[in-house]
$ cat model_29.pdb   # PDB, C-alpha atoms, pLDDT in the B column
ATOM      1  CA  MET A   1     -42.936  35.176  -0.818  1.00 53.00           C
ATOM      2  CA  GLN A   2     -46.007  35.293  -3.047  1.00 56.00           C
ATOM      3  CA  VAL A   3     -45.671  33.991  -6.611  1.00 55.00           C
ATOM      4  CA  GLU A   4     -47.655  35.775  -9.327  1.00 63.00           C
ATOM      5  CA  VAL A   5     -49.423  33.639 -11.896  1.00 65.00           C
ATOM      6  CA  SER A   6     -49.090  34.551 -15.559  1.00 77.00           C
ATOM      7  CA  GLY A   7     -52.214  34.941 -17.615  1.00 89.00           C
ATOM      8  CA  SER A   8     -53.587  36.377 -20.797  1.00 92.00           C
ATOM      9  CA  ALA A   9     -54.876  39.952 -21.074  1.00 95.00           C
ATOM     10  CA  VAL A  10     -56.871  41.799 -23.722  1.00 96.00           C
ATOM     11  CA  ILE A  11     -55.787  45.443 -23.890  1.00 97.00           C
ATOM     12  CA  SER A  12     -57.702  47.948 -26.028  1.00 97.00           C
ATOM     13  CA  LEU A  13     -56.288  51.319 -27.033  1.00 97.00           C
ATOM     14  CA  LEU A  14     -57.533  54.375 -28.854  1.00 97.00           C
ATOM     15  CA  VAL A  15     -54.720  56.025 -30.800  1.00 97.00           C
ATOM     16  CA  ASP A  16     -54.279  58.867 -33.248  1.00 96.00           C
ATOM     17  CA  ASN A  17     -54.318  57.385 -36.729  1.00 94.00           C
ATOM     18  CA  GLU A  18     -50.909  58.670 -37.751  1.00 93.00           C
ATOM     19  CA  SER A  19     -47.755  57.312 -39.315  1.00 93.00           C
ATOM     20  CA  GLY A  20     -45.553  55.456 -36.830  1.00 93.00           C
ATOM     21  CA  ALA A  21     -48.185  55.079 -34.078  1.00 93.00           C
ATOM     22  CA  LEU A  22     -48.392  51.306 -34.380  1.00 95.00           C
ATOM     23  CA  ALA A  23     -44.610  51.010 -34.635  1.00 95.00           C
ATOM     24  CA  ARG A  24     -44.215  52.838 -31.287  1.00 95.00           C
ATOM     25  CA  ILE A  25     -46.725  50.523 -29.616  1.00 96.00           C
ATOM     26  CA  VAL A  26     -45.077  47.363 -30.960  1.00 95.00           C
ATOM     27  CA  GLU A  27     -41.625  48.722 -30.065  1.00 95.00           C
ATOM     28  CA  LEU A  28     -42.757  49.228 -26.461  1.00 94.00           C
ATOM     29  CA  PHE A  29     -43.671  45.535 -26.258  1.00 94.00           C
ATOM     30  CA  SER A  30     -40.590  44.190 -28.026  1.00 92.00           C
ATOM     31  CA  GLY A  31     -38.189  46.505 -26.210  1.00 90.00           C
ATOM     32  CA  ARG A  32     -39.365  45.165 -22.862  1.00 88.00           C
ATOM     33  CA  GLY A  33     -39.544  41.520 -23.923  1.00 90.00           C
ATOM     34  CA  TYR A  34     -43.345  41.259 -23.855  1.00 90.00           C
ATOM     35  CA  ASN A  35     -44.987  38.990 -26.394  1.00 92.00           C
ATOM     36  CA  ILE A  36     -47.972  40.026 -28.506  1.00 96.00           C
ATOM     37  CA  GLN A  37     -50.179  37.005 -29.178  1.00 95.00           C
ATOM     38  CA  SER A  38     -52.733  38.905 -31.241  1.00 96.00           C
ATOM     39  CA  LEU A  39     -52.884  42.412 -32.703  1.00 96.00           C
ATOM     40  CA  THR A  40     -55.710  44.097 -34.597  1.00 97.00           C
ATOM     41  CA  VAL A  41     -55.904  47.717 -35.741  1.00 96.00           C
ATOM     42  CA  ALA A  42     -58.534  49.677 -37.660  1.00 95.00           C
ATOM     43  CA  PRO A  43     -59.911  53.231 -37.893  1.00 95.00           C
ATOM     44  CA  VAL A  44     -63.039  53.646 -35.736  1.00 95.00           C
ATOM     45  CA  ASP A  45     -64.230  57.220 -36.140  1.00 93.00           C
ATOM     46  CA  GLU A  46     -66.106  58.680 -39.082  1.00 89.00           C
ATOM     47  CA  HIS A  47     -63.161  60.794 -40.245  1.00 90.00           C
ATOM     48  CA  GLY A  48     -60.471  58.134 -39.835  1.00 88.00           C
ATOM     49  CA  HIS A  49     -58.487  60.151 -37.270  1.00 94.00           C
ATOM     50  CA  THR A  50     -58.701  57.586 -34.462  1.00 96.00           C
ATOM     51  CA  SER A  51     -57.864  53.883 -34.588  1.00 96.00           C
ATOM     52  CA  ARG A  52     -58.637  51.149 -32.135  1.00 97.00           C
ATOM     53  CA  VAL A  53     -55.864  48.708 -31.305  1.00 97.00           C
ATOM     54  CA  ASN A  54     -56.656  45.377 -29.632  1.00 97.00           C
ATOM     55  CA  ILE A  55     -53.687  43.510 -28.189  1.00 97.00           C
ATOM     56  CA  VAL A  56     -53.667  40.091 -26.538  1.00 97.00           C
ATOM     57  CA  THR A  57     -50.571  39.554 -24.428  1.00 96.00           C
ATOM     58  CA  THR A  58     -49.469  37.376 -21.545  1.00 93.00           C
ATOM     59  CA  GLY A  59     -47.724  38.126 -18.295  1.00 90.00           C
ATOM     60  CA  THR A  60     -48.148  38.499 -14.575  1.00 91.00           C
ATOM     61  CA  GLN A  61     -50.696  40.991 -13.259  1.00 91.00           C
ATOM     62  CA  SER A  62     -47.916  43.409 -12.344  1.00 92.00           C
ATOM     63  CA  SER A  63     -46.259  43.172 -15.770  1.00 92.00           C
ATOM     64  CA  ILE A  64     -49.632  43.759 -17.481  1.00 94.00           C
ATOM     65  CA  ARG A  65     -50.198  46.838 -15.253  1.00 93.00           C
ATOM     66  CA  GLN A  66     -46.712  48.060 -16.155  1.00 93.00           C
ATOM     67  CA  VAL A  67     -47.432  47.644 -19.893  1.00 94.00           C
ATOM     68  CA  LYS A  68     -50.704  49.567 -19.490  1.00 95.00           C
ATOM     69  CA  THR A  69     -48.929  52.408 -17.667  1.00 95.00           C
ATOM     70  CA  GLN A  70     -46.215  52.590 -20.336  1.00 95.00           C
ATOM     71  CA  LEU A  71     -48.794  52.566 -23.152  1.00 96.00           C
ATOM     72  CA  GLU A  72     -50.626  55.479 -21.493  1.00 95.00           C
ATOM     73  CA  ARG A  73     -47.422  57.535 -21.759  1.00 95.00           C
ATOM     74  CA  LEU A  74     -47.076  57.112 -25.526  1.00 93.00           C
ATOM     75  CA  VAL A  75     -47.919  60.283 -27.450  1.00 88.00           C
ATOM     76  CA  PRO A  76     -50.378  58.899 -30.030  1.00 91.00           C
ATOM     77  CA  VAL A  77     -52.333  56.936 -27.366  1.00 95.00           C
ATOM     78  CA  SER A  78     -55.431  58.628 -25.946  1.00 95.00           C
ATOM     79  CA  ARG A  79     -56.988  55.730 -24.005  1.00 96.00           C
ATOM     80  CA  VAL A  80     -55.799  52.344 -22.671  1.00 97.00           C
ATOM     81  CA  VAL A  81     -58.096  49.778 -21.067  1.00 96.00           C
ATOM     82  CA  ASN A  82     -57.210  46.297 -19.853  1.00 96.00           C
ATOM     83  CA  LEU A  83     -60.550  44.703 -20.703  1.00 96.00           C
ATOM     84  CA  THR A  84     -59.610  41.506 -18.875  1.00 95.00           C
ATOM     85  CA  ALA A  85     -59.219  43.407 -15.604  1.00 94.00           C
ATOM     86  CA  GLU A  86     -61.998  45.977 -16.025  1.00 92.00           C
ATOM     87  CA  GLY A  87     -65.013  43.750 -16.408  1.00 86.00           C
ATOM     88  CA  PRO A  88     -67.055  41.805 -18.887  1.00 94.00           C
ATOM     89  CA  TYR A  89     -66.144  42.095 -22.547  1.00 95.00           C
ATOM     90  CA  VAL A  90     -66.793  40.357 -25.841  1.00 96.00           C
ATOM     91  CA  ALA A  91     -63.829  39.059 -27.851  1.00 96.00           C
ATOM     92  CA  ARG A  92     -64.115  37.423 -31.253  1.00 97.00           C
ATOM     93  CA  GLU A  93     -61.775  36.311 -33.983  1.00 97.00           C
ATOM     94  CA  MET A  94     -62.328  35.223 -37.581  1.00 98.00           C
ATOM     95  CA  ALA A  95     -60.393  32.551 -39.447  1.00 98.00           C
ATOM     96  CA  LEU A  96     -60.240  31.245 -42.987  1.00 98.00           C
ATOM     97  CA  VAL A  97     -59.345  27.549 -42.928  1.00 98.00           C
ATOM     98  CA  LYS A  98     -58.416  25.630 -46.088  1.00 98.00           C
ATOM     99  CA  VAL A  99     -58.913  21.864 -46.142  1.00 98.00           C
ATOM    100  CA  VAL A 100     -57.878  19.685 -49.105  1.00 98.00           C
ATOM    101  CA  SER A 101     -59.420  16.215 -48.989  1.00 97.00           C
ATOM    102  CA  SER A 102     -61.673  13.681 -50.685  1.00 97.00           C
ATOM    103  CA  GLY A 103     -63.893  10.804 -49.690  1.00 97.00           C
ATOM    104  CA  GLU A 104     -64.669  10.237 -46.020  1.00 97.00           C
ATOM    105  CA  PRO A 105     -62.299  12.974 -44.696  1.00 97.00           C
ATOM    106  CA  ARG A 106     -64.092  15.512 -46.932  1.00 97.00           C
ATOM    107  CA  THR A 107     -67.495  14.437 -45.590  1.00 97.00           C
ATOM    108  CA  GLU A 108     -66.185  14.569 -42.002  1.00 98.00           C
ATOM    109  CA  ALA A 109     -64.754  18.083 -42.581  1.00 98.00           C
ATOM    110  CA  LEU A 110     -68.178  19.264 -43.756  1.00 97.00           C
ATOM    111  CA  ARG A 111     -69.911  17.642 -40.776  1.00 98.00           C
ATOM    112  CA  ILE A 112     -67.523  19.291 -38.297  1.00 98.00           C
ATOM    113  CA  ALA A 113     -67.856  22.639 -40.080  1.00 98.00           C
ATOM    114  CA  GLN A 114     -71.640  22.462 -39.673  1.00 98.00           C
ATOM    115  CA  ALA A 115     -71.284  21.673 -35.970  1.00 98.00           C
ATOM    116  CA  PHE A 116     -69.020  24.712 -35.526  1.00 98.00           C
ATOM    117  CA  ARG A 117     -71.277  26.892 -37.717  1.00 98.00           C
ATOM    118  CA  ALA A 118     -68.409  27.468 -40.123  1.00 98.00           C
ATOM    119  CA  ARG A 119     -69.388  28.607 -43.586  1.00 98.00           C
ATOM    120  CA  ALA A 120     -67.850  27.266 -46.797  1.00 98.00           C
ATOM    121  CA  VAL A 121     -66.822  30.423 -48.695  1.00 98.00           C
ATOM    122  CA  ASP A 122     -64.940  28.561 -51.438  1.00 98.00           C
ATOM    123  CA  THR A 123     -65.517  25.032 -52.682  1.00 97.00           C
ATOM    124  CA  THR A 124     -63.762  22.989 -55.356  1.00 97.00           C
ATOM    125  CA  ALA A 125     -63.827  19.268 -56.134  1.00 96.00           C
ATOM    126  CA  SER A 126     -60.873  18.748 -53.801  1.00 97.00           C
ATOM    127  CA  SER A 127     -60.924  21.632 -51.292  1.00 98.00           C
ATOM    128  CA  PHE A 128     -62.931  23.883 -49.010  1.00 97.00           C
ATOM    129  CA  VAL A 129     -62.194  27.255 -47.492  1.00 98.00           C
ATOM    130  CA  PHE A 130     -64.215  27.627 -44.295  1.00 98.00           C
ATOM    131  CA  GLU A 131     -64.952  30.940 -42.597  1.00 98.00           C
ATOM    132  CA  LEU A 132     -65.362  30.689 -38.842  1.00 98.00           C
ATOM    133  CA  THR A 133     -66.016  33.388 -36.253  1.00 98.00           C
ATOM    134  CA  GLY A 134     -65.897  32.968 -32.491  1.00 97.00           C
ATOM    135  CA  SER A 135     -63.678  32.826 -29.459  1.00 96.00           C
ATOM    136  CA  THR A 136     -60.013  31.997 -29.864  1.00 95.00           C
ATOM    137  CA  ASP A 137     -60.628  28.652 -28.123  1.00 96.00           C
ATOM    138  CA  LYS A 138     -63.394  27.787 -30.608  1.00 98.00           C
ATOM    139  CA  LEU A 139     -61.135  28.562 -33.569  1.00 98.00           C
ATOM    140  CA  ASP A 140     -58.249  26.601 -32.037  1.00 98.00           C
ATOM    141  CA  SER A 141     -60.526  23.577 -31.529  1.00 98.00           C
ATOM    142  CA  PHE A 142     -61.857  23.717 -35.095  1.00 98.00           C
ATOM    143  CA  ILE A 143     -58.358  23.987 -36.543  1.00 98.00           C
ATOM    144  CA  GLU A 144     -57.129  21.017 -34.486  1.00 98.00           C
ATOM    145  CA  LEU A 145     -60.068  18.901 -35.694  1.00 98.00           C
ATOM    146  CA  MET A 146     -59.298  19.835 -39.320  1.00 98.00           C
ATOM    147  CA  ARG A 147     -55.596  18.835 -39.121  1.00 98.00           C
ATOM    148  CA  PRO A 148     -56.103  15.090 -39.710  1.00 98.00           C
ATOM    149  CA  LEU A 149     -58.744  15.825 -42.362  1.00 98.00           C
ATOM    150  CA  GLY A 150     -56.431  17.692 -44.744  1.00 98.00           C
ATOM    151  CA  LEU A 151     -55.821  21.135 -43.234  1.00 98.00           C
ATOM    152  CA  VAL A 152     -53.303  22.944 -45.458  1.00 98.00           C
ATOM    153  CA  GLU A 153     -53.618  26.645 -44.615  1.00 98.00           C
ATOM    154  CA  VAL A 154     -55.017  29.018 -41.976  1.00 98.00           C
ATOM    155  CA  SER A 155     -55.402  32.805 -41.940  1.00 98.00           C
ATOM    156  CA  ARG A 156     -56.651  34.496 -38.744  1.00 97.00           C
ATOM    157  CA  THR A 157     -57.690  38.083 -38.072  1.00 96.00           C
ATOM    158  CA  GLY A 158     -56.619  38.334 -34.463  1.00 95.00           C
ATOM    159  CA  VAL A 159     -58.921  39.282 -31.597  1.00 96.00           C
ATOM    160  CA  ALA A 160     -61.448  42.111 -31.871  1.00 96.00           C
ATOM    161  CA  SER A 161     -62.875  43.084 -28.500  1.00 96.00           C
ATOM    162  CA  ILE A 162     -65.374  45.473 -26.956  1.00 96.00           C
ATOM    163  CA  CYS A 163     -66.906  46.100 -23.511  1.00 95.00           C
ATOM    164  CA  ARG A 164     -70.222  44.397 -22.765  1.00 95.00           C
ATOM    165  CA  GLY A 165     -73.302  46.441 -21.953  1.00 94.00           C
ATOM    166  CA  PRO A 166     -73.424  50.251 -22.113  1.00 94.00           C
ATOM    167  CA  GLN A 167     -69.782  50.708 -20.981  1.00 92.00           C
ATOM    168  CA  THR A 168     -67.386  52.013 -23.678  1.00 93.00           C
ATOM    169  CA  ILE A 169     -63.632  52.376 -23.866  1.00 93.00           C
ATOM    170  CA  GLN A 170     -64.108  56.173 -23.561  1.00 88.00           C
ATOM    171  CA  ASN A 171     -65.849  55.797 -20.151  1.00 86.00           C
ATOM    172  CA  PHE A 172     -62.813  54.361 -18.347  1.00 80.00           C
TER     173      PHE A 172
END
$ encode --input "model_29.pdb" --output "structure tokens"
Amino acid sequence: MQVEVSGSAVISLLVDNESGALARIVELFSGRGYNIQSLTVAPVDEHGHTSRVNIVTTGTQSSIRQVKTQLERLVPVSRVVNLTAEGPYVAREMALVKVVSSGEPRTEALRIAQAFRARAVDTTASSFVFELTGSTDKLDSFIELMRPLGLVEVSRTGVASICRGPQTIQNF
């Protein structure tokens, strides 16, 4: 008996930008017990009729294939691509990270922010809000380093993803 290994998958969808479309997609995941780790949605065409949905989920290869097949059957969905399985892709996330500190921890927070190429978008005498863009792992590492230095709040966008090179989601 072969045991399947669970992993993470980035799934991108093109959907009609209509009321209830996102609810149907999320319901498909929750109704089958699949977890959504990250979800981003935004209109992508010039008239606002089509939205792109990026979902990061985990599961075995067969469960990810099953999710993809079920998503393809939903009425507002016009395209579904498992970017993780289909080839190279770029995935980025943005975070706002608030650190409240003074003295040496404040100096250390600034030093680490520079190393991570984070940008201070708000500064007071006792706090910083850093903006950081990159891979999920990069953001996770930055946040963990900020915890002992006075991390008080985090807001993340979720993963935005796109195929590398000339390939597009429409070509699959």
$ closest_residue --input "model_29.pdb" --among "A:Ile11, A:Ala42, A:Ala95, A:Asp140" --to "Val154 in chain A" --atoms "all atoms listed in the file"
A:Ala95
$ closest_residue --input "model_29.pdb" --among "A:Thr60, A:Asn17, A:Ser126, A:Thr84" --to "His47 in chain A" --atoms "only C-alpha atoms"
A:Asn17
$ resolve_selection --input "model_29.pdb" --expression "the PyMOL selection byres ((chain A and resi 78) around 10)" --output "number ranges by chain"
A: 13-16, 50, 71-77, 79-80, 170
$ write_last_selection --input "model_29.pdb" --atoms "C-alpha atoms" --output "compact mmCIF listing (two decimals), keeping the file's coordinate frame"
# COMPACT_ATOMS: atom_id res chain seq x y z
CA LEU A 13 -56.29 51.32 -27.03
CA LEU A 14 -57.53 54.38 -28.85
CA VAL A 15 -54.72 56.02 -30.80
CA ASP A 16 -54.28 58.87 -33.25
CA THR A 50 -58.70 57.59 -34.46
CA LEU A 71 -48.79 52.57 -23.15
CA GLU A 72 -50.63 55.48 -21.49
CA ARG A 73 -47.42 57.54 -21.76
CA LEU A 74 -47.08 57.11 -25.53
CA VAL A 75 -47.92 60.28 -27.45
CA PRO A 76 -50.38 58.90 -30.03
CA VAL A 77 -52.33 56.94 -27.37
CA ARG A 79 -56.99 55.73 -24.00
CA VAL A 80 -55.80 52.34 -22.67
CA GLN A 170 -64.11 56.17 -23.56
$ resolve_selection --input "model_29.pdb" --expression "the PyMOL selection byres ((chain A and resi 109) around 10)" --output "PyMOL selection string"
chain A and resi 99-102+104-108+110-115+128+130+142+145-151
$ atom_distance --input "model_29.pdb" --atom1 "CA of Gln70 in chain A" --atom2 "CA of Val56 in chain A"
15.8 Å
$ residues_near_point --input "model_29.pdb" --point "(-54.4, 45.9, -35.6)" --cutoff "7 Å" --atoms "all atoms listed in the file" --output "ChimeraX atom specification"
/A:39-42,53-54
$ resolve_selection --input "model_29.pdb" --expression "the PyMOL selection byres ((chain A and resi 133) around 9)" --output "list of chain:residue names"
A:Arg92, A:Glu93, A:Met94, A:Ala95, A:Arg117, A:Ala118, A:Glu131, A:Leu132, A:Gly134, A:Ser135, A:Thr136, A:Lys138, A:Leu139
$ atom_distance --input "model_29.pdb" --atom1 "CA of Val67 in chain A" --atom2 "CA of Tyr89 in chain A"
19.7 Å
$ atom_distance --input "model_29.pdb" --atom1 "CA of Asn35 in chain A" --atom2 "CA of Ala23 in chain A"
14.6 Å
$ closest_residue --input "model_29.pdb" --among "A:Lys98, A:Ala9, A:Gln61, A:Val90" --to "Arg156 in chain A" --atoms "all atoms listed in the file"
A:Lys98
$ axis_aligned_box --input "model_29.pdb" --around "range 132-137 of chain A" --padding-each-side "3 Å" --output "JSON"
{"center_x": -63.0, "center_y": 31.0, "center_z": -33.5, "size_x": 12.0, "size_y": 10.7, "size_z": 16.7}
$ closest_residue --input "model_29.pdb" --among "A:Gly48, A:Gly59, A:Gly103, A:Pro88" --to "Ser127 in chain A" --atoms "all atoms listed in the file"
A:Gly103
$ closest_residue --input "model_29.pdb" --among "A:Val129, A:Val44, A:Leu83, A:Leu22" --to "Leu96 in chain A" --atoms "all atoms listed in the file"
A:Val129
$ closest_residue --input "model_29.pdb" --among "A:Thr124, A:Ser30, A:Ser12, A:Ser19" --to "Ile162 in chain A" --atoms "all atoms listed in the file"
A:Ser12
$ decode --input "model_29.pdb" --residues "range 30-125 of chain A" --atoms "C-alpha atoms" --output "compact mmCIF listing (two decimals), in the first residue's frame"
# COMPACT_ATOMS: atom_id res chain seq x y z
CA SER A 30 -15.66 23.80 3.88
CA GLY A 31 -18.31 21.27 2.87
CA ARG A 32 -15.61 18.72 2.07
CA GLY A 33 -13.41 19.50 5.07
CA TYR A 34 -10.59 21.12 3.10
CA ASN A 35 -8.72 23.97 4.74
CA ILE A 36 -7.96 27.26 3.01
CA GLN A 37 -4.65 28.64 4.26
CA SER A 38 -4.74 31.76 2.10
CA LEU A 39 -7.38 33.37 -0.12
CA THR A 40 -7.09 36.44 -2.33
CA VAL A 41 -9.67 37.80 -4.77
CA ALA A 42 -9.71 40.82 -7.07
CA PRO A 43 -11.16 41.90 -10.43
CA VAL A 44 -8.62 41.41 -13.25
CA ASP A 45 -10.27 42.55 -16.47
CA GLU A 46 -10.81 46.11 -17.61
CA HIS A 47 -14.58 45.97 -17.14
CA GLY A 48 -14.57 44.22 -13.77
CA HIS A 49 -16.51 41.18 -15.04
CA THR A 50 -13.84 38.60 -14.20
CA SER A 51 -12.02 38.08 -10.90
CA ARG A 52 -8.96 36.05 -10.12
CA VAL A 53 -9.03 33.90 -7.01
CA ASN A 54 -5.79 32.53 -5.53
CA ILE A 55 -6.19 29.79 -2.95
CA VAL A 56 -3.47 28.07 -0.93
CA THR A 57 -4.63 24.76 0.50
CA THR A 58 -3.11 21.55 1.76
CA GLY A 59 -3.84 17.92 1.07
CA THR A 60 -2.68 14.83 -0.72
CA GLN A 61 -2.16 14.97 -4.48
CA SER A 62 -5.40 13.07 -5.04
CA SER A 63 -7.41 15.36 -2.76
CA ILE A 64 -5.97 18.44 -4.51
CA ARG A 65 -6.94 16.92 -7.91
CA GLN A 66 -10.42 16.25 -6.55
CA VAL A 67 -10.77 19.87 -5.36
CA LYS A 68 -9.64 21.11 -8.79
CA THR A 69 -12.19 18.89 -10.55
CA GLN A 70 -14.99 20.06 -8.24
CA LEU A 71 -14.03 23.72 -8.71
CA GLU A 72 -14.18 23.27 -12.50
CA ARG A 73 -17.82 22.21 -12.15
CA LEU A 74 -18.91 25.38 -10.34
CA VAL A 75 -20.98 27.69 -12.54
CA PRO A 76 -19.14 31.00 -12.00
CA VAL A 77 -15.70 29.37 -12.55
CA SER A 78 -14.24 29.61 -16.05
CA ARG A 79 -10.68 28.38 -15.42
CA VAL A 80 -8.88 26.43 -12.66
CA VAL A 81 -5.13 25.85 -12.58
CA ASN A 82 -3.10 24.13 -9.88
CA LEU A 83 0.01 26.28 -10.28
CA THR A 84 2.00 24.01 -7.98
CA ALA A 85 1.46 21.05 -10.30
CA GLU A 86 1.57 22.85 -13.66
CA GLY A 87 5.01 24.40 -13.56
CA PRO A 88 6.96 27.39 -12.40
CA TYR A 89 5.05 30.26 -10.85
CA VAL A 90 5.65 33.36 -8.78
CA ALA A 91 3.85 33.73 -5.44
CA ARG A 92 4.11 36.78 -3.21
CA GLU A 93 2.41 38.08 -0.12
CA MET A 94 2.43 41.46 1.62
CA ALA A 95 2.29 42.07 5.36
CA LEU A 96 1.98 45.06 7.64
CA VAL A 97 3.81 44.36 10.90
CA LYS A 98 3.48 46.62 13.95
CA VAL A 99 6.28 46.63 16.52
CA VAL A 100 6.11 48.66 19.75
CA SER A 101 9.49 49.01 21.45
CA SER A 102 12.21 51.35 22.66
CA GLY A 103 15.93 51.27 23.23
CA GLU A 104 17.94 48.31 21.96
CA PRO A 105 14.90 46.25 20.79
CA ARG A 106 13.80 49.22 18.63
CA THR A 107 17.27 49.48 17.06
CA GLU A 108 17.34 45.71 16.47
CA ALA A 109 13.87 45.82 14.84
CA LEU A 110 15.12 48.49 12.42
CA ARG A 111 18.27 46.50 11.64
CA ILE A 112 16.28 43.33 10.90
CA ALA A 113 13.78 45.30 8.81
CA GLN A 114 16.63 46.63 6.67
CA ALA A 115 18.01 43.12 6.19
CA PHE A 116 14.58 41.91 5.03
CA ARG A 117 14.06 45.03 2.87
CA ALA A 118 10.98 45.92 4.88
CA ARG A 119 9.87 49.53 4.66
CA ALA A 120 8.73 51.60 7.64
CA VAL A 121 5.38 53.05 6.50
CA ASP A 122 4.48 54.52 9.90
CA THR A 123 6.82 55.64 12.65
CA THR A 124 6.15 57.10 16.09
CA ALA A 125 8.41 57.56 19.12
